[in-house]
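K.L.:
Quick one, query10.csv (CSV, N, CA, C and O atoms):
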chain,number,residue,atom,x,y,z
B,1,MET,N,-5.1,37.5,26.7
B,1,MET,CA,-5.1,36.1,27.0
B,1,MET,C,-6.4,35.5,26.6
B,1,MET,O,-6.5,34.4,26.1
B,2,ASN,N,-7.5,36.2,26.9
B,2,ASN,CA,-8.8,35.7,26.6
B,2,ASN,C,-9.1,35.6,25.1
B,2,ASN,O,-9.7,34.7,24.7
B,3,LEU,N,-8.5,36.6,24.4
B,3,LEU,CA,-8.7,36.6,22.9
B,3,LEU,C,-8.0,35.4,22.3
B,3,LEU,O,-8.5,34.8,21.4
B,4,THR,N,-6.8,35.0,22.8
B,4,THR,CA,-6.1,33.9,22.3
B,4,THR,C,-6.9,32.6,22.6
B,4,THR,O,-6.9,31.7,21.7
B,5,ALA,N,-7.5,32.4,23.7
B,5,ALA,CA,-8.2,31.2,24.1
B,5,ALA,C,-9.4,31.1,23.1
B,5,ALA,O,-9.8,30.1,22.7
B,6,LEU,N,-10.1,32.3,22.9
B,6,LEU,CA,-11.2,32.3,22.0
B,6,LEU,C,-10.8,31.9,20.6
B,6,LEU,O,-11.5,31.1,19.9
B,7,SER,N,-9.7,32.4,20.1
B,7,SER,CA,-9.2,32.1,18.8
B,7,SER,C,-8.8,30.7,18.7
B,7,SER,O,-9.1,30.0,17.7
B,8,LEU,N,-8.2,30.1,19.7
B,8,LEU,CA,-7.8,28.7,19.7
B,8,LEU,C,-9.1,27.8,19.7
B,8,LEU,O,-9.1,26.8,18.9
B,9,SER,N,-10.1,28.2,20.4
B,9,SER,CA,-11.3,27.5,20.4
B,9,SER,C,-12.0,27.5,19.0
B,9,SER,O,-12.5,26.5,18.5
B,10,ASP,N,-11.9,28.7,18.4
B,10,ASP,CA,-12.5,28.8,17.0
B,10,ASP,C,-11.7,27.9,16.0
B,10,ASP,O,-12.3,27.3,15.2
B,11,ILE,N,-10.4,27.9,16.1
B,11,ILE,CA,-9.6,27.1,15.2
B,11,ILE,C,-9.9,25.6,15.4
B,11,ILE,O,-10.0,24.8,14.5
B,12,LEU,N,-10.0,25.2,16.7
B,12,LEU,CA,-10.3,23.8,17.0
B,12,LEU,C,-11.7,23.4,16.5
B,12,LEU,O,-11.9,22.3,16.0
B,13,THR,N,-12.6,24.3,16.7
B,13,THR,CA,-14.0,24.0,16.2
B,13,THR,C,-14.0,23.9,14.6
B,13,THR,O,-14.6,23.0,14.1
B,14,GLY,N,-13.3,24.8,14.0
B,14,GLY,CA,-13.2,24.7,12.5
B,14,GLY,C,-12.5,23.5,12.1
B,14,GLY,O,-12.9,22.8,11.0
B,15,ALA,N,-11.5,23.0,12.8
B,15,ALA,CA,-10.7,21.8,12.4
B,15,ALA,C,-11.7,20.6,12.6
B,15,ALA,O,-11.6,19.7,11.7
B,16,ILE,N,-12.4,20.6,13.6
B,16,ILE,CA,-13.4,19.4,13.8
B,16,ILE,C,-14.4,19.4,12.7
B,16,ILE,O,-14.7,18.3,12.2
B,17,TRP,N,-15.0,20.6,12.4
B,17,TRP,CA,-16.0,20.6,11.3
B,17,TRP,C,-15.4,20.2,10.0
B,17,TRP,O,-16.0,19.6,9.2
B,18,THR,N,-14.1,20.6,9.7
B,18,THR,CA,-13.5,20.2,8.5
B,18,THR,C,-13.3,18.7,8.5
B,18,THR,O,-13.5,18.1,7.4
B,19,MET,N,-12.8,18.1,9.6
B,19,MET,CA,-12.6,16.7,9.6
B,19,MET,C,-14.0,16.0,9.4
B,19,MET,O,-14.0,15.0,8.6
B,20,ILE,N,-15.0,16.4,10.0
B,20,ILE,CA,-16.3,15.8,9.8
B,20,ILE,C,-16.8,15.9,8.3
B,20,ILE,O,-17.3,14.9,7.7
B,21,SER,N,-16.7,17.1,7.8
B,21,SER,CA,-17.1,17.3,6.4
B,21,SER,C,-16.3,16.5,5.4
B,21,SER,O,-16.8,16.1,4.3
B,22,VAL,N,-15.0,16.3,5.7
B,22,VAL,CA,-14.2,15.5,4.8
B,22,VAL,C,-14.4,14.0,4.9
B,22,VAL,O,-14.4,13.3,3.9
B,23,THR,N,-14.7,13.5,6.0
B,23,THR,CA,-14.9,12.1,6.2
B,23,THR,C,-16.3,11.6,6.0
B,23,THR,O,-16.5,10.4,5.7
B,24,LEU,N,-17.3,12.5,6.1
B,24,LEU,CA,-18.7,12.1,6.1
B,24,LEU,C,-19.1,11.5,4.7
B,24,LEU,O,-19.7,10.5,4.7
B,25,PRO,N,-18.7,12.1,3.6
B,25,PRO,CA,-19.0,11.4,2.3
B,25,PRO,C,-18.5,10.0,2.1
B,25,PRO,O,-19.2,9.1,1.6
B,26,ILE,N,-17.3,9.8,2.6
B,26,ILE,CA,-16.7,8.5,2.5
B,26,ILE,C,-17.4,7.5,3.4
B,26,ILE,O,-17.7,6.3,3.0
B,27,LEU,N,-17.7,7.9,4.6
B,27,LEU,CA,-18.4,7.0,5.6
B,27,LEU,C,-19.8,6.7,5.1
B,27,LEU,O,-20.3,5.6,5.3
B,28,LEU,N,-20.5,7.7,4.6
B,28,LEU,CA,-21.8,7.5,4.0
B,28,LEU,C,-21.8,6.5,2.9
B,28,LEU,O,-22.7,5.7,2.7
B,29,THR,N,-20.8,6.6,2.0
B,29,THR,CA,-20.7,5.7,0.9
B,29,THR,C,-20.5,4.3,1.4
B,29,THR,O,-21.2,3.4,0.9
B,30,ALA,N,-19.7,4.1,2.4
B,30,ALA,CA,-19.5,2.7,2.9
B,30,ALA,C,-20.7,2.2,3.6
B,30,ALA,O,-21.1,1.0,3.4
B,31,MET,N,-21.5,3.1,4.3
B,31,MET,CA,-22.7,2.7,4.9
B,31,MET,C,-23.8,2.3,3.9
B,31,MET,O,-24.5,1.3,4.1
B,32,VAL,N,-23.9,3.1,2.9
B,32,VAL,CA,-25.0,2.8,1.8
B,32,VAL,C,-24.7,1.5,1.1
B,32,VAL,O,-25.5,0.7,0.9
B,33,ILE,N,-23.4,1.4,0.7
B,33,ILE,CA,-23.0,0.1,0.0
B,33,ILE,C,-23.2,-1.1,0.9
B,33,ILE,O,-23.8,-2.1,0.5
B,34,GLY,N,-22.9,-1.0,2.2
B,34,GLY,CA,-23.1,-2.1,3.1
B,34,GLY,C,-24.6,-2.4,3.3
B,34,GLY,O,-25.0,-3.5,3.4
B,35,LEU,N,-25.4,-1.3,3.4
B,35,LEU,CA,-26.8,-1.5,3.5
B,35,LEU,C,-27.4,-2.2,2.3
B,35,LEU,O,-28.2,-3.1,2.4
B,36,LEU,N,-27.0,-1.8,1.1
B,36,LEU,CA,-27.5,-2.4,-0.2
B,36,LEU,C,-27.1,-3.8,-0.3
B,36,LEU,O,-27.9,-4.7,-0.7
B,37,ILE,N,-25.8,-4.1,0.0
B,37,ILE,CA,-25.4,-5.5,0.0
B,37,ILE,C,-26.1,-6.3,1.0
B,37,ILE,O,-26.5,-7.5,0.8
B,38,GLY,N,-26.4,-5.8,2.2
B,38,GLY,CA,-27.1,-6.5,3.2
B,38,GLY,C,-28.5,-6.8,2.8
B,38,GLY,O,-29.0,-7.9,3.0
B,39,ILE,N,-29.2,-5.9,2.1
B,39,ILE,CA,-30.5,-6.1,1.6
B,39,ILE,C,-30.5,-7.2,0.5
B,39,ILE,O,-31.3,-8.0,0.5
B,40,LEU,N,-29.5,-7.1,-0.4
B,40,LEU,CA,-29.3,-8.1,-1.4
B,40,LEU,C,-29.1,-9.5,-0.8
B,40,LEU,O,-29.7,-10.5,-1.3
B,41,GLN,N,-28.3,-9.6,0.2
B,41,GLN,CA,-28.0,-10.8,0.9
B,41,GLN,C,-29.3,-11.4,1.5
B,41,GLN,O,-29.5,-12.6,1.5
B,42,THR,N,-30.1,-10.5,2.1
B,42,THR,CA,-31.3,-11.0,2.7
B,42,THR,C,-32.3,-11.4,1.7
B,42,THR,O,-33.0,-12.5,1.9
B,43,ALA,N,-32.4,-10.7,0.6
B,43,ALA,CA,-33.4,-11.1,-0.5
B,43,ALA,C,-33.0,-12.4,-1.2
B,43,ALA,O,-33.9,-13.1,-1.6
B,44,THR,N,-31.7,-12.6,-1.3
B,44,THR,CA,-31.3,-13.9,-2.0
B,44,THR,C,-30.9,-15.0,-1.1
B,44,THR,O,-30.5,-16.1,-1.6
B,45,SER,N,-31.0,-14.8,0.2
B,45,SER,CA,-30.6,-15.8,1.2
B,45,SER,C,-29.2,-16.2,1.1
B,45,SER,O,-28.8,-17.4,1.5
B,46,ILE,N,-28.3,-15.4,0.6
B,46,ILE,CA,-26.9,-15.7,0.5
B,46,ILE,C,-26.3,-15.1,1.8
B,46,ILE,O,-26.4,-13.9,2.0
B,47,GLN,N,-25.7,-15.9,2.7
B,47,GLN,CA,-25.2,-15.4,3.9
B,47,GLN,C,-23.7,-15.5,4.0
B,47,GLN,O,-23.1,-15.9,5.0
B,48,GLU,N,-23.0,-15.1,2.9
B,48,GLU,CA,-21.5,-15.1,2.9
B,48,GLU,C,-21.0,-13.8,3.5
B,48,GLU,O,-21.4,-12.7,3.1
B,49,GLN,N,-20.3,-13.9,4.6
B,49,GLN,CA,-19.8,-12.7,5.3
B,49,GLN,C,-18.8,-11.9,4.5
B,49,GLN,O,-18.7,-10.7,4.7
B,50,THR,N,-18.0,-12.6,3.7
B,50,THR,CA,-16.9,-11.9,3.0
B,50,THR,C,-17.4,-11.2,1.7
B,50,THR,O,-16.7,-10.4,1.1
B,51,LEU,N,-18.7,-11.4,1.3
B,51,LEU,CA,-19.2,-10.8,0.1
B,51,LEU,C,-19.3,-9.3,0.2
B,51,LEU,O,-19.2,-8.6,-0.8
B,52,ILE,N,-19.5,-8.7,1.4
B,52,ILE,CA,-19.7,-7.3,1.5
B,52,ILE,C,-18.4,-6.5,1.4
B,52,ILE,O,-18.4,-5.3,1.0
B,53,PHE,N,-17.2,-7.1,1.6
B,53,PHE,CA,-16.0,-6.3,1.7
B,53,PHE,C,-15.5,-5.8,0.4
B,53,PHE,O,-15.1,-4.7,0.3
B,54,ILE,N,-15.5,-6.6,-0.7
B,54,ILE,CA,-15.0,-6.2,-2.0
B,54,ILE,C,-15.8,-5.0,-2.5
B,54,ILE,O,-15.2,-4.0,-2.9
B,55,PRO,N,-17.1,-5.0,-2.6
B,55,PRO,CA,-17.8,-3.8,-3.1
B,55,PRO,C,-17.6,-2.6,-2.3
B,55,PRO,O,-17.5,-1.5,-2.8
B,56,LYS,N,-17.6,-2.8,-1.0
B,56,LYS,CA,-17.4,-1.7,-0.1
B,56,LYS,C,-16.0,-1.1,-0.2
B,56,LYS,O,-15.9,0.2,-0.3
B,57,ILE,N,-15.0,-1.9,-0.3
B,57,ILE,CA,-13.6,-1.4,-0.5
B,57,ILE,C,-13.5,-0.6,-1.9
B,57,ILE,O,-12.9,0.5,-1.9
B,58,LEU,N,-14.1,-1.2,-2.9
B,58,LEU,CA,-14.1,-0.5,-4.2
B,58,LEU,C,-14.8,0.8,-4.2
B,58,LEU,O,-14.4,1.8,-4.8
B,59,ALA,N,-16.0,0.8,-3.6
B,59,ALA,CA,-16.8,2.1,-3.5
B,59,ALA,C,-16.1,3.1,-2.7
B,59,ALA,O,-16.1,4.3,-3.1
B,60,VAL,N,-15.5,2.8,-1.6
B,60,VAL,CA,-14.7,3.7,-0.8
B,60,VAL,C,-13.5,4.3,-1.5
B,60,VAL,O,-13.2,5.5,-1.5
B,61,PHE,N,-12.8,3.4,-2.2
B,61,PHE,CA,-11.6,3.8,-3.0
B,61,PHE,C,-12.1,4.7,-4.1
B,61,PHE,O,-11.4,5.8,-4.3
B,62,LEU,N,-13.2,4.4,-4.8
B,62,LEU,CA,-13.7,5.3,-5.9
B,62,LEU,C,-14.1,6.7,-5.3
B,62,LEU,O,-13.8,7.7,-5.9
B,63,CYS,N,-14.7,6.6,-4.2
B,63,CYS,CA,-15.2,7.9,-3.5
B,63,CYS,C,-14.0,8.7,-3.1
B,63,CYS,O,-14.0,10.0,-3.3
B,64,ILE,N,-12.9,8.1,-2.6
B,64,ILE,CA,-11.7,8.9,-2.2
B,64,ILE,C,-11.1,9.5,-3.5
B,64,ILE,O,-10.6,10.6,-3.5
B,65,VAL,N,-11.0,8.7,-4.6
B,65,VAL,CA,-10.4,9.2,-5.8
B,65,VAL,C,-11.2,10.3,-6.4
B,65,VAL,O,-10.6,11.3,-6.8
B,66,LEU,N,-12.5,10.2,-6.4
B,66,LEU,CA,-13.3,11.3,-7.0
B,66,LEU,C,-13.3,12.5,-6.1
B,66,LEU,O,-13.4,13.7,-6.6
B,67,LEU,N,-13.3,12.4,-4.8
B,67,LEU,CA,-13.4,13.5,-3.9
B,67,LEU,C,-12.0,14.1,-3.5
B,67,LEU,O,-12.0,15.0,-2.7
B,68,SER,N,-10.9,13.5,-3.9
B,68,SER,CA,-9.6,13.9,-3.4
B,68,SER,C,-9.3,15.4,-3.8
B,68,SER,O,-8.7,16.1,-2.9
B,69,PRO,N,-9.7,15.9,-4.9
B,69,PRO,CA,-9.4,17.4,-5.1
B,69,PRO,C,-10.2,18.3,-4.1
B,69,PRO,O,-9.6,19.2,-3.5
B,70,TRP,N,-11.4,17.9,-3.8
B,70,TRP,CA,-12.2,18.7,-2.9
B,70,TRP,C,-11.7,18.5,-1.4
B,70,TRP,O,-11.6,19.5,-0.7
B,71,ILE,N,-11.3,17.3,-1.1
B,71,ILE,CA,-10.7,17.0,0.2
B,71,ILE,C,-9.4,17.8,0.4
B,71,ILE,O,-9.2,18.4,1.4
B,72,GLY,N,-8.6,17.8,-0.6
B,72,GLY,CA,-7.3,18.5,-0.6
B,72,GLY,C,-7.5,20.0,-0.4
B,72,GLY,O,-6.8,20.7,0.3
B,73,GLN,N,-8.5,20.5,-1.1
B,73,GLN,CA,-8.8,22.0,-1.1
B,73,GLN,C,-9.3,22.3,0.3
B,73,GLN,O,-8.9,23.4,0.9
B,74,ARG,N,-10.2,21.5,0.9
B,74,ARG,CA,-10.7,21.8,2.3
B,74,ARG,C,-9.5,21.8,3.3
B,74,ARG,O,-9.4,22.6,4.2
B,75,MET,N,-8.7,20.8,3.2
B,75,MET,CA,-7.5,20.6,4.1
B,75,MET,C,-6.5,21.8,3.9
B,75,MET,O,-6.0,22.3,4.9
B,76,LEU,N,-6.3,22.2,2.7
B,76,LEU,CA,-5.4,23.3,2.4
B,76,LEU,C,-5.9,24.6,3.0
B,76,LEU,O,-5.2,25.4,3.6
B,77,VAL,N,-7.2,24.9,2.9
B,77,VAL,CA,-7.8,26.1,3.5
B,77,VAL,C,-7.7,26.0,5.0
B,77,VAL,O,-7.3,27.0,5.6
B,78,MET,N,-7.9,24.9,5.6
B,78,MET,CA,-7.8,24.8,7.1
B,78,MET,C,-6.3,25.0,7.5
B,78,MET,O,-6.0,25.6,8.5
B,79,THR,N,-5.4,24.4,6.8
B,79,THR,CA,-4.0,24.5,7.1
B,79,THR,C,-3.5,26.0,7.0
B,79,THR,O,-2.8,26.5,7.8
B,80,ARG,N,-4.0,26.6,5.9
B,80,ARG,CA,-3.6,28.1,5.8
B,80,ARG,C,-4.2,28.9,6.9
B,80,ARG,O,-3.5,29.8,7.3
B,81,GLU,N,-5.4,28.6,7.3
B,81,GLU,CA,-6.0,29.3,8.4
B,81,GLU,C,-5.2,29.2,9.7
B,81,GLU,O,-4.9,30.1,10.4
B,82,ILE,N,-4.8,27.9,10.0
B,82,ILE,CA,-4.1,27.7,11.2
B,82,ILE,C,-2.7,28.3,11.2
B,82,ILE,O,-2.3,29.0,12.1
B,83,LEU,N,-2.0,28.1,10.1
B,83,LEU,CA,-0.6,28.7,10.0
B,83,LEU,C,-0.6,30.2,9.9
B,83,LEU,O,0.3,30.8,10.3
B,84,GLY,N,-1.7,30.8,9.3
B,84,GLY,CA,-1.8,32.2,9.2
B,84,GLY,C,-2.0,32.9,10.6
B,84,GLY,O,-1.6,34.0,10.8
B,85,GLN,N,-2.6,32.1,11.5
B,85,GLN,CA,-2.8,32.7,12.9
B,85,GLN,C,-1.8,32.1,13.9
B,85,GLN,O,-1.9,32.4,15.1
B,86,LEU,N,-0.8,31.4,13.4
B,86,LEU,CA,0.2,30.8,14.3
B,86,LEU,C,1.0,31.9,15.1
B,86,LEU,O,1.3,31.7,16.3
B,87,GLU,N,1.2,33.0,14.5
B,87,GLU,CA,2.0,34.1,15.2
B,87,GLU,C,1.3,34.6,16.4
B,87,GLU,O,1.9,34.9,17.4
B,88,ARG,N,-0.1,34.6,16.4
B,88,ARG,CA,-0.8,35.1,17.6
B,88,ARG,C,-0.7,34.1,18.8
B,88,ARG,O,-0.7,34.6,19.9
B,89,PHE,N,-0.5,32.8,18.5
B,89,PHE,CA,-0.5,31.9,19.6
B,89,PHE,C,0.9,31.8,20.2
B,89,PHE,O,1.1,31.3,21.3
B,90,ILE,N,1.9,32.1,19.4
B,90,ILE,CA,3.3,32.1,19.9
B,90,ILE,C,3.6,33.2,20.9
B,90,ILE,O,4.3,33.0,21.9
B,91,GLN,N,3.0,34.3,20.7
B,91,GLN,CA,3.2,35.5,21.6
B,91,GLN,C,2.7,35.3,23.0
B,91,GLN,O,1.9,34.8,23.4
Please, can you express the file's structure as structure tokens?

P.N.:
Amino acid sequence: MNLTALSLSDILTGAIWTMISVTLPILLTAMVIGLLIGILQTATSIQEQTLIFIPKILAVFLCIVLLSPWIGQRMLVMTREILGQLERFIQ
């Protein structure tokens, strides 16, 4: 019983780290683009609130497209690990 709890804890920890590593590049891209646009708005005194959304959406979309093979591979490895150990948790 204790071994199963330890294994479940390891799988949940791995799933959380996989989720963080997959989403972090996308979130950092959005943050950097938002920061750059904010600096540009401050330097040029343009205070248009909607100006930030189009570049950020395009950058996030481009990041997702470019990183999708890596994201898919990471998710596939995690899924195989979980399904490979599923028999231990059923017993």

K.L.:
Which one of B:Met78, B:Ile57, B:Leu35, B:Ile46 sits closest to Thr18 in chain B if you count only C-alpha atoms?

P.N.:
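Of B:Met78, B:Ile57, B:Leu35, B:Ile46, the one nearest Thr18 in chain B is B:Met78, counting only C-alpha atoms.
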
K.L.:
Excluding range 58-60 of chain B and its own-chain neighbours fewer than 3 positions away, which residues fall within 7 Å of it when counting only C-alpha atoms? Please give them as a PyMOL selection string.

P.N.:
chain B and resi 26+29-30+54-55+63-64

K.L.:
Let me make sure I understand: among B:Val77, B:Phe89, B:Ile71, B:Leu51, which one has the smallest atom-to-atom distance to Thr23 in chain B if we use all atoms listed in the file?

P.N.:
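Ranked by minimum distance to Thr23 in chain B, first place goes to B:Ile71.
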
K.L.:
Kindly indicate which residue among B:Arg88, B:Arg74, B:Arg80, B:Lys56 lies nearest to Gly34 in chain B, using all atoms listed in the file for the distances.

P.N.:
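Closest to Gly34 in chain B, using all atoms listed in the file: B:Lys56.
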
K.L.:
Interatomic distance between CA of Phe61 in chain B and CA of Ser45 in chain B?

P.N.:
27.6 Å

K.L.:
Find the residues near Met75 in chain B: any atom within 8 Å, counting only N, CA, C and O atoms, skip ones fewer than 6 places away on the same chain, and give them as a PyMOL selection string.

P.N.:
chain B and resi 18+22+68-69+81-82

K.L.:
Here is a test: counting only C-alpha atoms, which residue of B:Ile90, B:Leu76, B:Ile33, B:Ile52 is nearest to Ala15 in chain B?

P.N.:
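Of all the options, B:Leu76 lies closest to Ala15 in chain B.
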
K.L.:
For atom O of Gly14 in chain B and atom O of Gln73 in chain B, determine how far apart the two atoms are, in Å to one decimal place.

P.N.:
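Separation of atom O of Gly14 in chain B and atom O of Gln73 in chain B: 10.9 Å.
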
K.L.:
One decimal, in Å: what's the spacing between atom C of Met31 in chain B and atom C of Leu12 in chain B?

P.N.:
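Separating atom C of Met31 in chain B from atom C of Leu12 in chain B is a distance of 27.4 Å.
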